[in-house]
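Have a look at structure-v2.pdb below; it lists PDB, C-alpha atoms and all ligand atoms.
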```
ATOM      1  CA  MET A 793      -5.459  79.550 -69.884  1.00  0.00           C
ATOM      2  CA  ILE A 794      -4.617  76.442 -67.859  1.00  0.00           C
ATOM      3  CA  THR A 795      -6.112  75.642 -64.464  1.00  0.00           C
ATOM      4  CA  VAL A 796      -3.874  73.869 -61.957  1.00  0.00           C
ATOM      5  CA  ASN A 797      -5.340  72.814 -58.610  1.00  0.00           C
ATOM      6  CA  GLY A 798      -8.055  75.432 -59.033  1.00  0.00           C
ATOM      7  CA  VAL A 799      -5.727  78.324 -59.929  1.00  0.00           C
ATOM      8  CA  ASN A 800      -5.856  79.841 -63.445  1.00  0.00           C
ATOM      9  CA  TYR A 801      -2.673  80.588 -65.394  1.00  0.00           C
ATOM     10  CA  GLU A 802      -2.389  82.543 -68.646  1.00  0.00           C
ATOM     11  CA  ILE A 803       0.279  80.957 -70.816  1.00  0.00           C
ATOM     12  CA  PRO A 804       2.285  83.334 -73.025  1.00  0.00           C
ATOM     13  CA  ALA A 805       3.191  82.118 -76.516  1.00  0.00           C
ATOM     14  CA  GLU A 806       6.864  81.668 -75.640  1.00  0.00           C
ATOM     15  CA  LEU A 807       5.898  78.956 -73.145  1.00  0.00           C
ATOM     16  CA  HIS A 808       3.725  76.918 -75.503  1.00  0.00           C
ATOM     17  CA  ALA A 809       6.520  74.459 -76.226  1.00  0.00           C
ATOM     18  CA  ARG A 810       7.517  74.087 -72.558  1.00  0.00           C
ATOM     19  CA  LYS A 811       7.113  70.604 -71.156  1.00  0.00           C
ATOM     20  CA  LEU A 812       4.204  70.387 -68.738  1.00  0.00           C
ATOM     21  CA  SER A 813       6.196  68.428 -66.137  1.00  0.00           C
ATOM     22  CA  ASP A 814       9.008  71.015 -66.146  1.00  0.00           C
ATOM     23  CA  TRP A 815       6.550  73.895 -65.908  1.00  0.00           C
ATOM     24  CA  LEU A 816       4.753  72.310 -62.957  1.00  0.00           C
ATOM     25  CA  ARG A 817       7.954  71.534 -61.075  1.00  0.00           C
ATOM     26  CA  GLU A 818      10.196  74.469 -61.965  1.00  0.00           C
ATOM     27  CA  ASP A 819       7.808  77.370 -62.542  1.00  0.00           C
ATOM     28  CA  LEU A 820       4.949  76.498 -60.186  1.00  0.00           C
ATOM     29  CA  MET A 821       7.197  74.638 -57.695  1.00  0.00           C
ATOM     30  CA  LEU A 822       4.769  71.715 -57.601  1.00  0.00           C
ATOM     31  CA  THR A 823       7.528  69.187 -57.080  1.00  0.00           C
ATOM     32  CA  GLY A 824       5.197  66.410 -55.975  1.00  0.00           C
ATOM     33  CA  THR A 825       5.063  65.547 -59.679  1.00  0.00           C
ATOM     34  CA  LYS A 826       8.105  63.295 -60.035  1.00  0.00           C
ATOM     35  CA  ILE A 827      10.323  62.791 -63.065  1.00  0.00           C
ATOM     36  CA  GLY A 828      11.605  59.250 -63.382  1.00  0.00           C
ATOM     37  CA  CYS A 829      12.316  58.456 -67.030  1.00  0.00           C
ATOM     38  CA  ASP A 830      11.244  61.757 -68.672  1.00  0.00           C
ATOM     39  CA  ILE A 831      10.291  59.793 -71.801  1.00  0.00           C
ATOM     40  CA  GLY A 832       6.784  58.589 -71.025  1.00  0.00           C
ATOM     41  CA  VAL A 833       7.605  55.126 -69.696  1.00  0.00           C
ATOM     42  CA  CYS A 834       7.465  55.086 -65.878  1.00  0.00           C
ATOM     43  CA  GLY A 835       4.294  57.021 -64.964  1.00  0.00           C
ATOM     44  CA  SER A 836       5.871  58.913 -62.068  1.00  0.00           C
ATOM     45  CA  CYS A 837       4.939  62.251 -63.671  1.00  0.00           C
ATOM     46  CA  THR A 838       1.232  61.371 -63.912  1.00  0.00           C
ATOM     47  CA  VAL A 839      -1.256  64.173 -63.290  1.00  0.00           C
ATOM     48  CA  LEU A 840      -4.997  64.442 -63.833  1.00  0.00           C
ATOM     49  CA  ILE A 841      -6.024  66.351 -66.926  1.00  0.00           C
ATOM     50  CA  ASN A 842      -9.780  66.792 -67.083  1.00  0.00           C
ATOM     51  CA  ASN A 843      -9.965  63.815 -64.695  1.00  0.00           C
ATOM     52  CA  GLU A 844      -7.897  61.535 -66.958  1.00  0.00           C
ATOM     53  CA  ALA A 845      -4.483  60.237 -65.861  1.00  0.00           C
ATOM     54  CA  ARG A 846      -1.848  61.611 -68.252  1.00  0.00           C
ATOM     55  CA  ARG A 847       1.956  61.668 -68.295  1.00  0.00           C
ATOM     56  CA  SER A 848       3.030  65.252 -67.917  1.00  0.00           C
ATOM     57  CA  CYS A 849       6.508  64.621 -69.359  1.00  0.00           C
ATOM     58  CA  LYS A 850       4.910  63.818 -72.717  1.00  0.00           C
ATOM     59  CA  LEU A 851       2.847  67.006 -72.979  1.00  0.00           C
ATOM     60  CA  LYS A 852       3.637  70.582 -73.922  1.00  0.00           C
ATOM     61  CA  LEU A 853       1.738  73.490 -72.430  1.00  0.00           C
ATOM     62  CA  LYS A 854       0.029  74.078 -75.780  1.00  0.00           C
ATOM     63  CA  ASP A 855      -1.408  70.548 -75.510  1.00  0.00           C
ATOM     64  CA  VAL A 856      -3.256  71.372 -72.295  1.00  0.00           C
ATOM     65  CA  GLU A 857      -4.648  74.809 -73.129  1.00  0.00           C
ATOM     66  CA  ALA A 858      -8.093  75.263 -71.483  1.00  0.00           C
ATOM     67  CA  CYS A 859      -7.623  72.080 -69.444  1.00  0.00           C
ATOM     68  CA  GLU A 860      -8.072  71.477 -65.730  1.00  0.00           C
ATOM     69  CA  ILE A 861      -5.015  69.866 -64.158  1.00  0.00           C
ATOM     70  CA  VAL A 862      -4.750  68.318 -60.732  1.00  0.00           C
ATOM     71  CA  THR A 863      -1.346  67.476 -59.278  1.00  0.00           C
ATOM     72  CA  ILE A 864      -0.744  65.566 -56.054  1.00  0.00           C
ATOM     73  CA  GLU A 865      -0.646  68.907 -54.213  1.00  0.00           C
ATOM     74  CA  GLY A 866      -4.272  69.435 -55.234  1.00  0.00           C
ATOM     75  CA  VAL A 867      -5.513  66.119 -53.830  1.00  0.00           C
ATOM     76  CA  SER A 868      -7.277  66.386 -50.488  1.00  0.00           C
ATOM     77  CA  GLY A 869     -10.221  64.946 -48.618  1.00  0.00           C
ATOM     78  CA  PRO A 870     -13.636  66.559 -48.238  1.00  0.00           C
ATOM     79  CA  ASP A 871     -12.513  68.364 -45.061  1.00  0.00           C
ATOM     80  CA  GLY A 872      -9.329  69.660 -46.718  1.00  0.00           C
ATOM     81  CA  GLY A 873      -7.211  67.049 -44.939  1.00  0.00           C
ATOM     82  CA  ILE A 874      -5.650  63.921 -46.315  1.00  0.00           C
ATOM     83  CA  HIS A 875      -7.595  62.199 -49.074  1.00  0.00           C
ATOM     84  CA  PRO A 876      -9.022  58.728 -48.270  1.00  0.00           C
ATOM     85  CA  LEU A 877      -6.977  57.316 -51.147  1.00  0.00           C
ATOM     86  CA  GLN A 878      -3.762  58.705 -49.663  1.00  0.00           C
ATOM     87  CA  GLN A 879      -4.772  57.346 -46.246  1.00  0.00           C
ATOM     88  CA  ALA A 880      -5.413  53.949 -47.822  1.00  0.00           C
ATOM     89  CA  PHE A 881      -1.908  53.930 -49.352  1.00  0.00           C
ATOM     90  CA  MET A 882      -0.492  54.462 -45.876  1.00  0.00           C
ATOM     91  CA  ASP A 883      -2.808  51.960 -44.182  1.00  0.00           C
ATOM     92  CA  ALA A 884      -2.116  49.233 -46.754  1.00  0.00           C
ATOM     93  CA  GLY A 885       1.653  49.687 -46.618  1.00  0.00           C
ATOM     94  CA  ALA A 886       1.697  50.741 -50.290  1.00  0.00           C
ATOM     95  CA  ILE A 887       4.472  53.317 -49.875  1.00  0.00           C
ATOM     96  CA  GLN A 888       8.146  52.528 -49.488  1.00  0.00           C
ATOM     97  CA  CYS A 889      10.531  55.062 -51.018  1.00  0.00           C
ATOM     98  CA  GLY A 890       7.494  57.041 -52.205  1.00  0.00           C
ATOM     99  CA  PHE A 891       8.887  58.133 -55.561  1.00  0.00           C
ATOM    100  CA  CYS A 892       6.135  56.447 -57.564  1.00  0.00           C
ATOM    101  CA  THR A 893       3.389  57.334 -55.095  1.00  0.00           C
ATOM    102  CA  PRO A 894       2.107  60.665 -56.488  1.00  0.00           C
ATOM    103  CA  GLY A 895       1.702  59.137 -59.932  1.00  0.00           C
ATOM    104  CA  MET A 896       0.144  55.978 -58.494  1.00  0.00           C
ATOM    105  CA  VAL A 897      -2.339  57.987 -56.451  1.00  0.00           C
ATOM    106  CA  LEU A 898      -3.382  60.093 -59.426  1.00  0.00           C
ATOM    107  CA  SER A 899      -3.761  57.085 -61.731  1.00  0.00           C
ATOM    108  CA  ALA A 900      -5.823  55.377 -59.046  1.00  0.00           C
ATOM    109  CA  LEU A 901      -7.907  58.497 -58.510  1.00  0.00           C
ATOM    110  CA  ALA A 902      -8.690  58.703 -62.237  1.00  0.00           C
ATOM    111  CA  LEU A 903      -9.905  55.102 -62.032  1.00  0.00           C
ATOM    112  CA  LEU A 904     -12.014  55.654 -58.919  1.00  0.00           C
ATOM    113  CA  ILE A 905     -13.662  58.750 -60.391  1.00  0.00           C
ATOM    114  CA  LYS A 906     -15.010  56.568 -63.216  1.00  0.00           C
ATOM    115  CA  ASN A 907     -15.323  53.216 -61.486  1.00  0.00           C
ATOM    116  CA  HIS A 908     -16.383  53.262 -57.845  1.00  0.00           C
ATOM    117  CA  HIS A 909     -15.982  49.519 -57.309  1.00  0.00           C
ATOM    118  CA  PRO A 910     -13.136  48.276 -59.507  1.00  0.00           C
ATOM    119  CA  SER A 911     -12.020  44.661 -59.456  1.00  0.00           C
ATOM    120  CA  ARG A 912      -8.392  43.858 -58.667  1.00  0.00           C
ATOM    121  CA  GLU A 913      -7.836  43.204 -62.358  1.00  0.00           C
ATOM    122  CA  GLU A 914      -9.318  46.596 -63.277  1.00  0.00           C
ATOM    123  CA  ILE A 915      -7.034  48.238 -60.711  1.00  0.00           C
ATOM    124  CA  ARG A 916      -4.010  46.437 -62.164  1.00  0.00           C
ATOM    125  CA  GLN A 917      -4.990  47.548 -65.667  1.00  0.00           C
ATOM    126  CA  ALA A 918      -5.413  51.173 -64.567  1.00  0.00           C
ATOM    127  CA  LEU A 919      -1.999  51.163 -62.878  1.00  0.00           C
ATOM    128  CA  LYS A 920      -0.085  49.142 -65.452  1.00  0.00           C
ATOM    129  CA  GLY A 921       1.676  52.251 -66.763  1.00  0.00           C
ATOM    130  CA  ASN A 922       2.973  53.202 -63.316  1.00  0.00           C
ATOM    131  CA  LEU A 923       6.204  51.486 -62.324  1.00  0.00           C
ATOM    132  CA  CYS A 924       7.211  50.830 -58.719  1.00  0.00           C
ATOM    133  CA  ARG A 925      10.635  49.463 -57.838  1.00  0.00           C
ATOM    134  CA  CYS A 926       9.848  48.839 -54.185  1.00  0.00           C
ATOM    135  CA  THR A 927       6.485  47.438 -53.217  1.00  0.00           C
ATOM    136  CA  GLY A 928       5.808  44.508 -55.514  1.00  0.00           C
ATOM    137  CA  TYR A 929       2.456  46.135 -56.418  1.00  0.00           C
ATOM    138  CA  GLN A 930       0.188  43.932 -54.252  1.00  0.00           C
ATOM    139  CA  GLN A 931      -0.084  46.496 -51.460  1.00  0.00           C
ATOM    140  CA  ILE A 932      -0.861  49.196 -54.011  1.00  0.00           C
ATOM    141  CA  VAL A 933      -3.769  47.159 -55.381  1.00  0.00           C
ATOM    142  CA  ASP A 934      -4.845  46.531 -51.762  1.00  0.00           C
ATOM    143  CA  ALA A 935      -4.748  50.285 -51.137  1.00  0.00           C
ATOM    144  CA  VAL A 936      -6.970  51.125 -54.091  1.00  0.00           C
ATOM    145  CA  GLU A 937      -9.467  48.441 -53.057  1.00  0.00           C
ATOM    146  CA  LEU A 938      -9.462  49.819 -49.527  1.00  0.00           C
ATOM    147  CA  ALA A 939      -9.938  53.374 -50.790  1.00  0.00           C
ATOM    148  CA  ALA A 940     -12.904  52.344 -52.942  1.00  0.00           C
ATOM    149  CA  ARG A 941     -14.542  50.733 -49.911  1.00  0.00           C
ATOM    150  CA  THR A 942     -13.901  53.830 -47.805  1.00  0.00           C
ATOM    151  CA  MET A 943     -14.927  56.397 -50.421  1.00  0.00           C
ATOM    152  CA  TYR A 944     -18.038  54.648 -51.731  1.00  0.00           C
ATOM    153  CA  HIS A 945     -19.150  52.458 -48.814  1.00  0.00           C
ATOM    154  CA  ASN A 946     -22.656  53.931 -48.953  1.00  0.00           C
ATOM    155  CA  GLU A 947     -23.107  52.510 -52.470  1.00  0.00           C
ATOM    156  CA  ILE A 948     -22.524  48.900 -51.449  1.00  0.00           C
TER     157      ILE A 948
HETATM  158  S1  LIG B1001       8.751  60.778 -66.073  1.00  0.00           S
HETATM  159 FE1  LIG B1001       7.016  60.827 -67.321  1.00  0.00          FE
HETATM  160  S2  LIG B1001       6.558  58.753 -67.728  1.00  0.00           S
HETATM  161 FE2  LIG B1001       8.447  58.691 -66.620  1.00  0.00          FE
HETATM  162  S1  LIG B1002       7.517  52.997 -53.416  1.00  0.00           S
HETATM  163 FE1  LIG B1002       9.517  53.202 -54.269  1.00  0.00          FE
HETATM  164  S2  LIG B1002       9.161  53.225 -56.423  1.00  0.00           S
HETATM  165 FE2  LIG B1002       7.226  52.767 -55.572  1.00  0.00          FE
END
```

Any chance you could put this one into structure tokens?
Amino acid sequence: MITVNGVNYEIPAELHARKLSDWLREDLMLTGTKIGCDIGVCGSCTVLINNEARRSCKLKLKDVEACEIVTIEGVSGPDGGIHPLQQAFMDAGAIQCGFCTPGMVLSALALLIKNHHPSREEIRQALKGNLCRCTGYQQIVDAVELAARTMYHNEI
């Protein structure tokens, strides 16, 4: 069984070799997971697997048996609305064409789950596997800093 955004799916044996990214997009219609390179280089297909950022184009369904997966469709704020991290991407101007954004958000979320107050260098390290052709990256780092301040302001 695989859990995606809180929903459980039994995976028949004939699907064990199916690529996770294709299954998410084509079978579950979760097309927020983007395919850029399809060979594990660009990070646009990043999803959370047990709260770790992983490239879904590099995984088969048999690799994620019994795992909990979160795609960008499963990311929301405490009230069910937009997540503070997504809001921060908008507020910081970290989105242009938006193709990299789902993967960026999920890589950043994996970081913020573990590290509530990352430095800019730690943010850069966490996002180094996610390529963006548009923004120049500075606004994305700004967005993650802003999100950390918003999400964990009561810890400062
Ligand atoms: S599509 Fe998976 S890393 Fe590029
Ligand atoms: S916003 Fe276009 S690739 Fe990042």

In the coordinates of the file, take the point (1.3, 81.0, -80.3) and a cut-off of 12 Å; then, counting all atoms listed in the file, name each qualifying protein, DNA or RNA residue as an mmCIF file with C-alpha atoms, keeping the file's coordinate frame.
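Once everything was written out, this is point_26.cif:
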```cif
data_model
loop_
_atom_site.group_PDB
_atom_site.id
_atom_site.type_symbol
_atom_site.label_atom_id
_atom_site.label_comp_id
_atom_site.auth_asym_id
_atom_site.auth_seq_id
_atom_site.Cartn_x
_atom_site.Cartn_y
_atom_site.Cartn_z
ATOM 1 C CA ILE A 803 0.279 80.957 -70.816
ATOM 2 C CA PRO A 804 2.285 83.334 -73.025
ATOM 3 C CA ALA A 805 3.191 82.118 -76.516
ATOM 4 C CA GLU A 806 6.864 81.668 -75.640
ATOM 5 C CA LEU A 807 5.898 78.956 -73.145
ATOM 6 C CA HIS A 808 3.725 76.918 -75.503
ATOM 7 C CA ALA A 809 6.520 74.459 -76.226
ATOM 8 C CA LEU A 853 1.738 73.490 -72.430
ATOM 9 C CA LYS A 854 0.029 74.078 -75.780
ATOM 10 C CA ASP A 855 -1.408 70.548 -75.510
ATOM 11 C CA GLU A 857 -4.648 74.809 -73.129
#
```

Determine the residue set returned by the PyMOL selection byres (((chain A and resi 941) around 12) and not hetatm) for the present structure, and present it as a PDB file with C-alpha atoms, keeping the file's coordinate frame.
```
ATOM      1  CA  PRO A 876      -9.022  58.728 -48.270  1.00  0.00           C
ATOM      2  CA  LEU A 877      -6.977  57.316 -51.147  1.00  0.00           C
ATOM      3  CA  ALA A 880      -5.413  53.949 -47.822  1.00  0.00           C
ATOM      4  CA  LEU A 904     -12.014  55.654 -58.919  1.00  0.00           C
ATOM      5  CA  ASN A 907     -15.323  53.216 -61.486  1.00  0.00           C
ATOM      6  CA  HIS A 908     -16.383  53.262 -57.845  1.00  0.00           C
ATOM      7  CA  HIS A 909     -15.982  49.519 -57.309  1.00  0.00           C
ATOM      8  CA  PRO A 910     -13.136  48.276 -59.507  1.00  0.00           C
ATOM      9  CA  SER A 911     -12.020  44.661 -59.456  1.00  0.00           C
ATOM     10  CA  ASP A 934      -4.845  46.531 -51.762  1.00  0.00           C
ATOM     11  CA  ALA A 935      -4.748  50.285 -51.137  1.00  0.00           C
ATOM     12  CA  VAL A 936      -6.970  51.125 -54.091  1.00  0.00           C
ATOM     13  CA  GLU A 937      -9.467  48.441 -53.057  1.00  0.00           C
ATOM     14  CA  LEU A 938      -9.462  49.819 -49.527  1.00  0.00           C
ATOM     15  CA  ALA A 939      -9.938  53.374 -50.790  1.00  0.00           C
ATOM     16  CA  ALA A 940     -12.904  52.344 -52.942  1.00  0.00           C
ATOM     17  CA  THR A 942     -13.901  53.830 -47.805  1.00  0.00           C
ATOM     18  CA  MET A 943     -14.927  56.397 -50.421  1.00  0.00           C
ATOM     19  CA  TYR A 944     -18.038  54.648 -51.731  1.00  0.00           C
ATOM     20  CA  HIS A 945     -19.150  52.458 -48.814  1.00  0.00           C
ATOM     21  CA  ASN A 946     -22.656  53.931 -48.953  1.00  0.00           C
ATOM     22  CA  GLU A 947     -23.107  52.510 -52.470  1.00  0.00           C
ATOM     23  CA  ILE A 948     -22.524  48.900 -51.449  1.00  0.00           C
TER      24      ILE A 948
END
```

Listed atoms of ligand LIG 1002 (chain B) boxed along x, y and z, 4 Å each side, centre and edge lengths in Å, one decimal, as AutoDock Vina command-line options:
```
--center_x 8.4 --center_y 53.0 --center_z -54.9 --size_x 10.3 --size_y 8.5 --size_z 11.0
```

- prompt: Quick one: residues within 9 Å of Ser813 (chain A), only C-alpha atoms counted, chain neighbours fewer than 5 positions away excluded, as number ranges by chain?
  reply: A: 818, 825-827, 830, 837-838, 847-852

Produce a file of the selected residues containing C-alpha atoms, as a JSON list (two decimals), keeping the file's coordinate frame.
```
[["chain", "number", "residue", "atom", "x", "y", "z"],
["A", 818, "GLU", "CA", 10.20, 74.47, -61.96],
["A", 825, "THR", "CA", 5.06, 65.55, -59.68],
["A", 826, "LYS", "CA", 8.10, 63.30, -60.04],
["A", 827, "ILE", "CA", 10.32, 62.79, -63.06],
["A", 830, "ASP", "CA", 11.24, 61.76, -68.67],
["A", 837, "CYS", "CA", 4.94, 62.25, -63.67],
["A", 838, "THR", "CA", 1.23, 61.37, -63.91],
["A", 847, "ARG", "CA", 1.96, 61.67, -68.30],
["A", 848, "SER", "CA", 3.03, 65.25, -67.92],
["A", 849, "CYS", "CA", 6.51, 64.62, -69.36],
["A", 850, "LYS", "CA", 4.91, 63.82, -72.72],
["A", 851, "LEU", "CA", 2.85, 67.01, -72.98],
["A", 852, "LYS", "CA", 3.64, 70.58, -73.92]]
```

- request: Convert the output of the PyMOL selection byres (((chain A and resi 885) around 9) and not hetatm) on the shown file into explicit residues, formatted as a list in words.
  value: Ala880, Phe881, Met882, Asp883, Ala884, Ala886, Ile887, Gln888, Thr927, Gln931, Ile932, Asp934 and Ala935 of chain A

Take the PyMOL selection byres (((not hetatm)) within 10 of (chain B and resi 1002)), apply it to the structure above, and return the hits as a PDB file with C-alpha atoms, keeping the file's coordinate frame.
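File written: out04.pdb
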```pdb
ATOM      1  CA  GLY A 828      11.605  59.250 -63.382  1.00  0.00           C
ATOM      2  CA  CYS A 834       7.465  55.086 -65.878  1.00  0.00           C
ATOM      3  CA  SER A 836       5.871  58.913 -62.068  1.00  0.00           C
ATOM      4  CA  GLY A 885       1.653  49.687 -46.618  1.00  0.00           C
ATOM      5  CA  ALA A 886       1.697  50.741 -50.290  1.00  0.00           C
ATOM      6  CA  ILE A 887       4.472  53.317 -49.875  1.00  0.00           C
ATOM      7  CA  GLN A 888       8.146  52.528 -49.488  1.00  0.00           C
ATOM      8  CA  CYS A 889      10.531  55.062 -51.018  1.00  0.00           C
ATOM      9  CA  GLY A 890       7.494  57.041 -52.205  1.00  0.00           C
ATOM     10  CA  PHE A 891       8.887  58.133 -55.561  1.00  0.00           C
ATOM     11  CA  CYS A 892       6.135  56.447 -57.564  1.00  0.00           C
ATOM     12  CA  THR A 893       3.389  57.334 -55.095  1.00  0.00           C
ATOM     13  CA  PRO A 894       2.107  60.665 -56.488  1.00  0.00           C
ATOM     14  CA  GLY A 895       1.702  59.137 -59.932  1.00  0.00           C
ATOM     15  CA  MET A 896       0.144  55.978 -58.494  1.00  0.00           C
ATOM     16  CA  ASN A 922       2.973  53.202 -63.316  1.00  0.00           C
ATOM     17  CA  LEU A 923       6.204  51.486 -62.324  1.00  0.00           C
ATOM     18  CA  CYS A 924       7.211  50.830 -58.719  1.00  0.00           C
ATOM     19  CA  ARG A 925      10.635  49.463 -57.838  1.00  0.00           C
ATOM     20  CA  CYS A 926       9.848  48.839 -54.185  1.00  0.00           C
ATOM     21  CA  THR A 927       6.485  47.438 -53.217  1.00  0.00           C
ATOM     22  CA  GLY A 928       5.808  44.508 -55.514  1.00  0.00           C
ATOM     23  CA  TYR A 929       2.456  46.135 -56.418  1.00  0.00           C
ATOM     24  CA  ILE A 932      -0.861  49.196 -54.011  1.00  0.00           C
TER      25      ILE A 932
END
```

query: Hey, which of A:Ala900, A:Ile905, A:Ile861, A:Lys920 ends up closest to ligand LIG 1001 (chain B)? Count only C-alpha atoms and all ligand atoms.
result: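 Checking each of A:Ala900, A:Ile905, A:Ile861, A:Lys920 against ligand LIG 1001 (chain B), counting only C-alpha atoms and all ligand atoms, the winner is A:Lys920.
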
query: Out of A:Asp871, A:Asp814, A:Glu914, A:Glu865, which residue has the shortest atom-to-atom distance to ligand LIG 1001 (chain B) when counting only C-alpha atoms and all ligand atoms?
result: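 Among the listed residues, the smallest separation from ligand LIG 1001 (chain B) belongs to A:Asp814.
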
- request: Tell me which of A:Val833, A:Leu840, A:Val799, A:Ile794 sits closest to ligand LIG 1001 (chain B), counting only C-alpha atoms and all ligand atoms.
  value: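 When distances to ligand LIG 1001 (chain B) are compared using only C-alpha atoms and all ligand atoms, the smallest one comes from A:Val833.
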
- request: Report the distance between CA of Leu812 (chain A) and CA of Asn800 (chain A) in Å, rounded to one decimal place.
  value: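 Answer for the CA of Leu812 (chain A) to CA of Asn800 (chain A) separation: 14.8 Å.
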
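The two atoms in question, CA of Val839 (chain A) and CA of Val933 (chain A), are spaced 18.9 Å apart.
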